[in-house]
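Asker: My file is target.txt. It has compact mmCIF, C-alpha atoms:
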```txt
# COMPACT_ATOMS: atom_id res chain seq x y z
CA MET A 1 0.00 0.00 0.00
CA ASN A 2 2.82 2.41 0.84
CA LYS A 3 4.33 1.88 -2.58
CA LEU A 4 1.04 2.79 -4.22
CA ARG A 5 0.51 5.95 -2.18
CA PRO A 6 2.99 8.15 -4.15
CA VAL A 7 1.32 7.01 -7.36
CA ALA A 8 -2.12 7.82 -5.98
CA VAL A 9 -0.95 11.21 -4.76
CA ALA A 10 0.62 11.94 -8.14
CA VAL A 11 -2.62 11.00 -9.91
CA VAL A 12 -4.67 13.18 -7.58
CA GLY A 13 -2.21 16.03 -8.08
CA THR A 14 -2.47 15.66 -11.82
CA VAL A 15 -6.28 15.67 -11.66
CA VAL A 16 -6.24 18.79 -9.47
CA ALA A 17 -3.80 20.52 -11.82
CA VAL A 18 -5.88 19.64 -14.87
CA ALA A 19 -9.07 20.77 -13.13
CA ALA A 20 -7.39 24.05 -12.19
CA ALA A 21 -6.23 24.53 -15.76
CA TYR A 22 -9.75 23.99 -17.06
CA ALA A 23 -11.08 26.43 -14.46
CA VAL A 24 -8.62 29.07 -15.57
CA PHE A 25 -9.45 28.42 -19.23
CA ALA A 26 -13.17 28.62 -18.45
CA GLY A 27 -12.53 31.95 -16.75
CA VAL A 28 -10.72 33.17 -19.84
CA LEU A 29 -13.61 32.04 -22.02
CA VAL A 30 -16.16 33.83 -19.83
CA GLY A 31 -14.01 36.95 -19.59
CA SER A 32 -13.50 37.01 -23.34
CA ASP A 33 -17.16 36.42 -24.14
CA VAL A 34 -17.88 40.14 -23.82
CA ALA A 35 -19.32 42.68 -26.21
CA SER A 36 -18.46 46.33 -25.71
CA TYR A 37 -18.85 49.84 -27.01
CA THR A 38 -16.22 52.53 -26.56
CA SER A 39 -16.45 56.14 -27.66
CA ASP A 40 -14.23 59.00 -28.59
CA GLY A 41 -14.26 62.00 -26.28
CA VAL A 42 -16.06 65.31 -26.55
CA THR A 43 -15.78 68.51 -24.53
CA VAL A 44 -18.92 69.88 -22.90
CA PRO A 45 -18.54 73.66 -22.43
CA ASP A 46 -19.07 75.01 -18.91
CA LEU A 47 -19.52 71.56 -17.38
CA ALA A 48 -19.08 71.88 -13.60
CA TYR A 49 -16.82 68.94 -12.76
CA GLU A 50 -17.44 68.65 -9.02
CA ASP A 51 -21.18 69.28 -9.38
CA THR A 52 -21.37 66.57 -12.03
CA LEU A 53 -19.77 64.04 -9.70
CA GLU A 54 -21.97 65.05 -6.78
CA ARG A 55 -25.08 64.56 -8.90
CA ALA A 56 -23.81 61.18 -10.09
CA ASP A 57 -23.28 60.09 -6.50
CA ALA A 58 -26.75 61.32 -5.53
CA ALA A 59 -28.22 59.27 -8.39
CA GLY A 60 -26.71 56.13 -6.89
CA TYR A 61 -23.93 55.69 -9.44
CA ALA A 62 -20.45 54.54 -8.36
CA VAL A 63 -17.97 57.43 -8.58
CA GLU A 64 -14.25 56.64 -8.73
CA ARG A 65 -11.72 59.45 -8.84
CA VAL A 66 -8.70 58.40 -10.90
CA GLY A 67 -5.20 59.67 -10.18
CA SER A 68 -1.86 59.19 -11.94
CA SER A 69 1.72 58.41 -11.01
CA GLY A 70 2.53 62.12 -10.99
CA PHE A 71 2.17 64.86 -8.40
CA HIS A 72 0.64 68.30 -7.96
CA PRO A 73 3.27 71.08 -8.12
CA THR A 74 2.42 73.80 -5.63
CA GLY A 75 2.48 77.53 -6.22
CA ILE A 76 2.11 77.73 -10.02
CA ASP A 77 -0.90 80.02 -10.20
CA ASP A 78 -1.37 80.02 -13.98
CA LEU A 79 -1.47 76.21 -14.11
CA ASP A 80 -3.86 76.06 -11.16
CA ALA A 81 -6.13 78.50 -13.00
CA ASP A 82 -5.96 76.60 -16.30
CA LEU A 83 -5.81 72.97 -15.16
CA GLY A 84 -7.57 73.04 -11.80
CA PRO A 85 -6.37 72.87 -8.21
CA GLU A 86 -5.68 69.12 -8.28
CA TYR A 87 -3.98 68.54 -11.65
CA GLU A 88 -0.86 66.37 -11.63
CA ALA A 89 2.39 66.81 -13.53
CA PHE A 90 3.16 63.50 -15.20
CA ARG A 91 6.16 64.04 -17.48
CA VAL A 92 8.58 66.67 -18.79
CA THR A 93 10.48 66.14 -22.04
CA TYR A 94 13.40 67.99 -23.62
CA ASP A 95 14.46 67.85 -27.25
CA HIS A 96 18.11 68.03 -28.24
CA ALA A 97 17.60 67.49 -31.95
CA SER A 98 14.80 66.46 -34.24
CA ALA A 99 15.21 62.79 -33.33
CA ALA A 100 16.83 62.94 -29.85
CA ARG A 101 14.74 63.44 -26.74
CA LEU A 102 14.90 63.11 -22.96
CA TRP A 103 11.83 61.99 -21.02
CA ALA A 104 11.44 62.47 -17.27
CA THR A 105 8.41 60.49 -16.06
CA PHE A 106 7.35 61.08 -12.47
CA HIS A 107 6.49 58.26 -10.05
CA ALA A 108 5.64 60.25 -6.96
CA GLU A 109 4.53 57.43 -4.68
CA GLU A 110 7.82 55.60 -5.23
CA GLY A 111 9.79 58.84 -4.88
CA ILE A 112 11.57 58.38 -8.19
CA THR A 113 11.64 59.84 -11.68
CA VAL A 114 12.51 57.59 -14.62
CA VAL A 115 14.72 59.47 -17.07
CA THR A 116 14.73 57.84 -20.50
CA LEU A 117 16.78 58.83 -23.53
CA PHE A 118 15.56 58.46 -27.09
CA PRO A 119 18.78 58.98 -29.08
CA ASP A 120 19.20 59.90 -32.73
CA ASP A 121 18.61 56.98 -35.04
CA ALA A 122 21.76 54.91 -34.97
CA ASP A 123 23.02 52.37 -37.48
CA GLY A 124 23.51 49.09 -35.64
CA ASP A 125 23.81 48.80 -31.88
CA LEU A 126 23.51 51.89 -29.68
CA THR A 127 26.80 53.41 -28.49
CA VAL A 128 27.64 56.28 -26.14
CA ASP A 129 28.38 58.44 -29.20
CA ASP A 130 24.72 58.13 -30.22
CA LEU A 131 23.54 59.82 -27.01
CA PRO A 132 22.99 63.57 -26.74
CA PRO A 133 26.13 65.45 -25.60
CA GLU A 134 27.12 64.89 -21.98
CA GLU A 135 27.13 68.62 -21.25
CA TRP A 136 23.53 68.96 -22.46
CA LEU A 137 22.38 65.98 -20.41
CA VAL A 138 24.03 67.32 -17.25
CA ASP A 139 22.45 70.72 -17.81
CA ARG A 140 18.96 69.26 -18.30
CA LEU A 141 19.18 67.03 -15.21
CA ALA A 142 20.51 69.85 -13.03
CA LEU A 143 17.57 71.95 -14.20
CA LEU A 144 14.93 69.26 -13.69
CA PHE A 145 16.05 68.21 -10.22
CA GLU A 146 17.28 69.85 -7.05
CA MET A 147 20.86 68.69 -7.47
CA ASP A 148 24.24 70.09 -8.46
CA GLU A 149 26.12 69.40 -11.67
CA ALA A 150 28.35 66.79 -10.05
CA THR A 151 25.34 64.72 -9.01
CA ALA A 152 23.80 65.16 -12.45
CA ALA A 153 27.06 64.04 -14.07
CA ALA A 154 27.03 60.86 -11.95
CA TYR A 155 23.56 59.97 -13.30
CA VAL A 156 24.73 60.63 -16.86
CA GLU A 157 27.74 58.40 -16.27
CA GLU A 158 25.40 55.65 -15.07
CA ILE A 159 23.49 55.84 -18.35
CA GLU A 160 26.69 55.84 -20.40
CA THR A 161 28.02 52.83 -18.49
CA ALA A 162 24.79 50.92 -19.08
CA VAL A 163 25.03 51.65 -22.81
CA SER A 164 28.70 50.68 -23.11
CA THR A 165 28.51 47.49 -21.02
CA GLY A 166 24.93 46.34 -21.55
CA ASP A 167 23.58 43.66 -23.86
CA PRO A 168 22.34 45.46 -27.00
CA THR A 169 19.79 42.69 -27.60
CA GLU A 170 18.03 43.27 -24.27
CA PRO A 171 14.59 44.97 -24.43
CA GLY A 172 14.97 48.71 -23.93
CA ALA A 173 18.67 48.71 -24.81
CA SER A 174 18.10 51.33 -27.51
CA THR A 175 16.32 53.66 -25.07
CA PRO A 176 18.52 53.69 -21.95
CA SER A 177 17.09 54.97 -18.68
CA VAL A 178 18.04 55.70 -15.10
CA GLU A 179 15.98 56.10 -11.92
CA VAL A 180 16.56 59.44 -10.21
CA ASP A 181 15.57 59.74 -6.54
CA GLU A 182 16.23 63.48 -6.22
CA PRO A 183 13.44 66.05 -5.62
CA VAL A 184 11.87 67.34 -8.82
CA ALA A 185 12.32 71.08 -9.50
CA PHE A 186 9.19 71.25 -11.63
CA ARG A 187 8.66 75.00 -11.23
CA THR A 188 12.19 75.67 -12.52
CA ALA A 189 11.75 73.35 -15.51
CA TYR A 190 8.32 74.81 -16.32
CA ASP A 191 9.59 78.40 -16.10
CA ASP A 192 12.55 77.53 -18.33
CA LEU A 193 10.36 76.07 -21.08
CA THR A 194 7.89 78.94 -20.82
CA ALA A 195 10.60 81.62 -20.97
CA ARG A 196 12.37 80.14 -24.01
CA ALA A 197 9.25 79.35 -26.04
CA THR A 198 7.79 81.62 -28.67
CA THR A 199 4.72 79.40 -29.14
CA VAL A 200 2.99 76.84 -26.96
CA ASN A 201 0.61 74.26 -28.42
CA ALA A 202 -1.82 72.74 -25.91
CA THR A 203 -3.83 69.59 -26.64
CA SER A 204 -6.17 67.48 -24.52
CA THR A 205 -7.85 64.10 -24.82
CA PRO A 206 -11.43 64.64 -23.58
CA GLY A 207 -12.59 62.28 -20.87
CA SER A 208 -9.12 60.91 -20.14
CA GLY A 209 -7.83 64.01 -18.36
CA TRP A 210 -4.68 63.94 -20.52
CA HIS A 211 -3.26 67.41 -21.29
CA GLU A 212 0.00 68.21 -23.06
CA ARG A 213 1.80 71.47 -23.78
CA VAL A 214 4.50 71.49 -26.47
CA TYR A 215 6.97 74.37 -26.47
CA HIS A 216 8.59 75.78 -29.61
CA ALA A 217 11.14 78.50 -30.28
CA GLY A 218 10.49 79.35 -33.89
CA ASP A 219 10.64 76.05 -35.78
CA GLU A 220 12.61 74.32 -33.00
CA ARG A 221 10.77 72.01 -30.63
CA LEU A 222 12.13 72.65 -27.13
CA GLY A 223 10.20 70.05 -25.20
CA SER A 224 6.87 69.43 -23.52
CA ALA A 225 5.06 69.18 -20.21
CA GLU A 226 2.40 66.51 -19.77
CA PHE A 227 -0.33 66.67 -17.16
CA VAL A 228 -3.29 64.67 -15.89
CA LEU A 229 -6.34 66.72 -14.96
CA SER A 230 -8.75 65.77 -12.21
CA ARG A 231 -10.77 62.91 -13.66
CA ALA A 232 -13.29 60.32 -12.56
CA THR A 233 -15.23 57.32 -13.81
CA VAL A 234 -18.96 57.09 -13.10
CA THR A 235 -20.36 53.56 -13.33
CA ARG A 236 -23.90 52.24 -13.54
CA GLU A 237 -24.64 48.51 -13.57
CA VAL A 238 -28.11 47.27 -14.42
CA ASP A 239 -29.38 43.82 -15.46
CA GLY A 240 -25.94 42.56 -16.49
CA TYR A 241 -25.00 45.69 -18.44
CA THR A 242 -22.22 48.03 -17.34
CA TYR A 243 -22.16 51.68 -18.41
CA ARG A 244 -19.20 53.96 -17.62
CA VAL A 245 -18.88 57.70 -18.10
CA HIS A 246 -15.39 59.20 -17.94
CA VAL A 247 -15.31 62.89 -17.00
CA ASP A 248 -12.41 65.31 -16.56
CA TYR A 249 -11.92 68.80 -15.15
CA HIS A 250 -12.05 70.49 -18.57
CA GLY A 251 -15.50 69.08 -19.28
CA GLY A 252 -14.21 66.15 -21.31
CA VAL A 253 -16.63 63.24 -21.56
CA ALA A 254 -16.12 59.75 -22.98
CA VAL A 255 -18.05 56.52 -22.38
CA ASP A 256 -17.85 52.77 -22.63
CA ALA A 257 -20.33 49.94 -22.08
CA GLN A 258 -20.14 46.17 -21.95
CA THR A 259 -22.17 43.02 -21.41
CA ARG A 260 -22.06 39.33 -22.28
CA ALA A 261 -21.80 38.79 -26.02
CA THR A 262 -24.91 36.60 -26.00
CA ARG A 263 -27.09 39.53 -24.88
CA THR A 264 -28.88 42.04 -27.06
CA PHE A 265 -26.64 45.10 -27.30
CA GLU A 266 -27.96 47.60 -29.79
CA GLU A 267 -26.25 50.98 -30.20
CA ASP A 268 -29.51 52.92 -29.92
CA ALA A 269 -30.23 51.31 -26.55
CA VAL A 270 -26.71 52.08 -25.35
CA ARG A 271 -27.03 55.73 -26.34
CA ALA A 272 -30.38 55.89 -24.57
CA ALA A 273 -28.80 54.51 -21.39
CA PHE A 274 -26.06 57.14 -21.48
CA ARG A 275 -28.58 59.85 -22.26
CA GLU A 276 -30.42 58.86 -19.07
CA MET A 277 -27.18 58.95 -17.06
CA PHE A 278 -26.30 62.36 -18.48
CA VAL A 279 -29.64 63.78 -17.35
CA GLU A 280 -29.01 62.57 -13.81
CA MET A 281 -25.42 63.93 -13.86
CA GLY A 282 -26.27 67.35 -15.25
CA VAL A 283 -24.56 66.67 -18.59
CA PRO A 284 -26.60 67.86 -21.60
CA PRO A 285 -28.33 64.66 -22.77
CA GLU A 286 -27.69 65.49 -26.44
CA THR A 287 -24.01 64.86 -25.71
CA ALA A 288 -24.77 61.19 -26.31
CA ASP A 289 -25.61 61.99 -29.94
CA HIS A 290 -22.18 63.55 -30.56
CA LEU A 291 -20.15 60.54 -29.43
CA GLN A 292 -18.68 58.21 -32.03
CA PHE A 293 -19.09 54.58 -30.92
CA LEU A 294 -16.83 51.63 -31.72
CA TYR A 295 -18.34 48.16 -31.25
CA ARG A 296 -16.31 45.09 -30.35
CA GLY A 297 -18.00 41.72 -30.28
CA SER A 298 -16.89 38.45 -28.69
CA VAL A 299 -13.42 37.21 -29.63
CA TRP A 300 -14.83 33.68 -30.00
```
Please, can you express the file's structure as structure tokens?
Answerer:
Amino acid sequence: MNKLRPVAVAVVGTVVAVAAAYAVFAGVLVGSDVASYTSDGVTVPDLAYEDTLERADAAGYAVERVGSSGFHPTGIDDLDADLGPEYEAFRVTYDHASAARLWATFHAEEGITVVTLFPDDADGDLTVDDLPPEEWLVDRLALLFEMDEATAAAYVEEIETAVSTGDPTEPGASTPSVEVDEPVAFRTAYDDLTARATTVNATSTPGSGWHERVYHAGDERLGSAEFVLSRATVTREVDGYTYRVHVDYHGGVAVDAQTRATRTFEEDAVRAAFREMFVEMGVPPETADHLQFLYRGSVW
């Protein structure tokens, strides 16, 4: 009997593993058996963001405020006026040439900024010579962070060492990066871009809260600042259907809806459901008629 016990245990283990695999696969099937509508975004003039969310909450809808990995820079009055009191700075970029760029992406909760270089197009494997000049990199880092040039130079050296000693076949080898744990001097970087620019092009993605400002001096692109506005998702679930309205501080509105693929899911009915939600939220109901819908059926 003892000799048979390992065999029995192995068989049971195999049955359990197979059953678990089928359970996972069944979950994938159920999760994939979904039909959905997504929309583009539109901007609703004079939409009161906080009032809209309060009305959604009063109507019994779930309201989820959505943040980002960035942070809110204090004391920049013009940005507070334009973007709202709770916007977050997400990224600053600097251009060295038409095809070379530095990204500084903020991860406030972790206390780090990921600095990534996008060098000029290089033939073959990336080398240190393909990077922007060391002096320019040191200057940009010393401007972006509260650190001296010696500290900035040490971070640049870390990038150069990674390029010269790293495996060029590794993912990300052509866009080297370094994690900087120094305080961000966002106000200084923002003032620098603003002072040097002759034109600033601002674009937003309604409903997502995404806002970008690109700075130019004549025909030269200097860089950009990317922000996330206050934004929230309002959800209503009824009879197996899920309807979501995405709203941002600038009055941007976008929607999505989903249900099981076996259910009736006509576009007119979906628009009617959002029209009803908009009435409750204080959004002009005709907004639903201006959204462009994209339908995705089951993948099976």
Asker: Go through region 244-281 of chain A and flag each residue having an atom no more than 7 Å from region 229-235 of chain A; for those, report the closest pair of atoms plus their distance in Å to one decimal, using all atoms listed in the file, ordered by chain and rising number, as JSON lines.
Answerer:
```
{"residue": "A:Arg244", "atom": "CA", "partner": "A:Thr235", "partner_atom": "CA", "distance": 4.5}
{"residue": "A:Val245", "atom": "CA", "partner": "A:Val234", "partner_atom": "CA", "distance": 5.0}
{"residue": "A:His246", "atom": "CA", "partner": "A:Thr233", "partner_atom": "CA", "distance": 4.5}
{"residue": "A:Val247", "atom": "CA", "partner": "A:Ala232", "partner_atom": "CA", "distance": 5.5}
{"residue": "A:Asp248", "atom": "CA", "partner": "A:Arg231", "partner_atom": "CA", "distance": 4.1}
{"residue": "A:Tyr249", "atom": "CA", "partner": "A:Ser230", "partner_atom": "CA", "distance": 5.3}
```
Asker: Can you work out the spacing between CA of Asp80 (chain A) and CA of Arg196 (chain A) in Å, to one decimal?
Answerer: 21.1 Å
Asker: Please identify all polymer residues within 12 Å of Gly172 (chain A), counting all atoms listed in the file, omitting same-chain residues fewer than 3 positions from it, and present them as a PyMOL selection string.
Answerer: chain A and resi 116-118+125-126+162-163+166-169+175-178
Asker: Which value, in Å to one decimal, gives the distance between CA of Gly209 (chain A) and CA of Thr259 (chain A)?
Answerer: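 Separating CA of Gly209 (chain A) from CA of Thr259 (chain A) is a distance of 25.6 Å.
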Asker: Using only C-alpha atoms, find the one residue out of A:Thr127, A:Thr113, A:Thr105, A:Thr161 that sits nearest to Val92 (chain A).
Answerer: A:Thr105
Asker: I'd like the neighbourhood of Leu222 (chain A) as a ChimeraX atom specification, where a residue qualifies if any of its atoms comes within 9 Å (using all atoms listed in the file), though same-chain residues fewer than 2 positions away should be ignored.
Answerer: /A:93-97,193,196-197,214-217,220,224
Asker: Please measure the separation of CA of Leu102 (chain A) and CA of Asp82 (chain A), giving the value in Å to one decimal.
Answerer: 25.7 Å
Asker: Can you tell me which residues surround region 65-75 of chain A at a distance of at most 8 Å, considering only C-alpha atoms, apart from same-chain residues fewer than 3 positions away, and format the answer as JSON, numbers by chain?
Answerer: {"A": [86, 87, 88, 89, 90, 91, 105, 106, 107, 108, 109, 186, 187, 228, 230, 231, 232, 233]}
Asker: Under the rule that all atoms listed in the file are counted, which of A:Tyr243, A:Tyr155, A:Phe227, A:Tyr190 is the nearest residue to Leu143 (chain A)?
Answerer: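 Closest to Leu143 (chain A) of all the choices is A:Tyr190.
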Asker: Looking at A:Val156, A:Val34, A:Leu83, A:Ala202, which one is nearest to Tyr49 (chain A), with distances taken over only C-alpha atoms?
Answerer: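 Looking only at the distances to Tyr49 (chain A), the closest residue turns out to be A:Leu83.
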Asker: Given all atoms listed in the file as the basis, pick out the residue of A:His290, A:Arg140, A:Arg271, A:Arg55 nearest to Val253 (chain A).
Answerer: A:His290
Asker: A:Pro285, A:Pro206, A:Gly111, A:Gly218: which is nearest Ala273 (chain A), counting all atoms listed in the file?
Answerer: A:Pro285
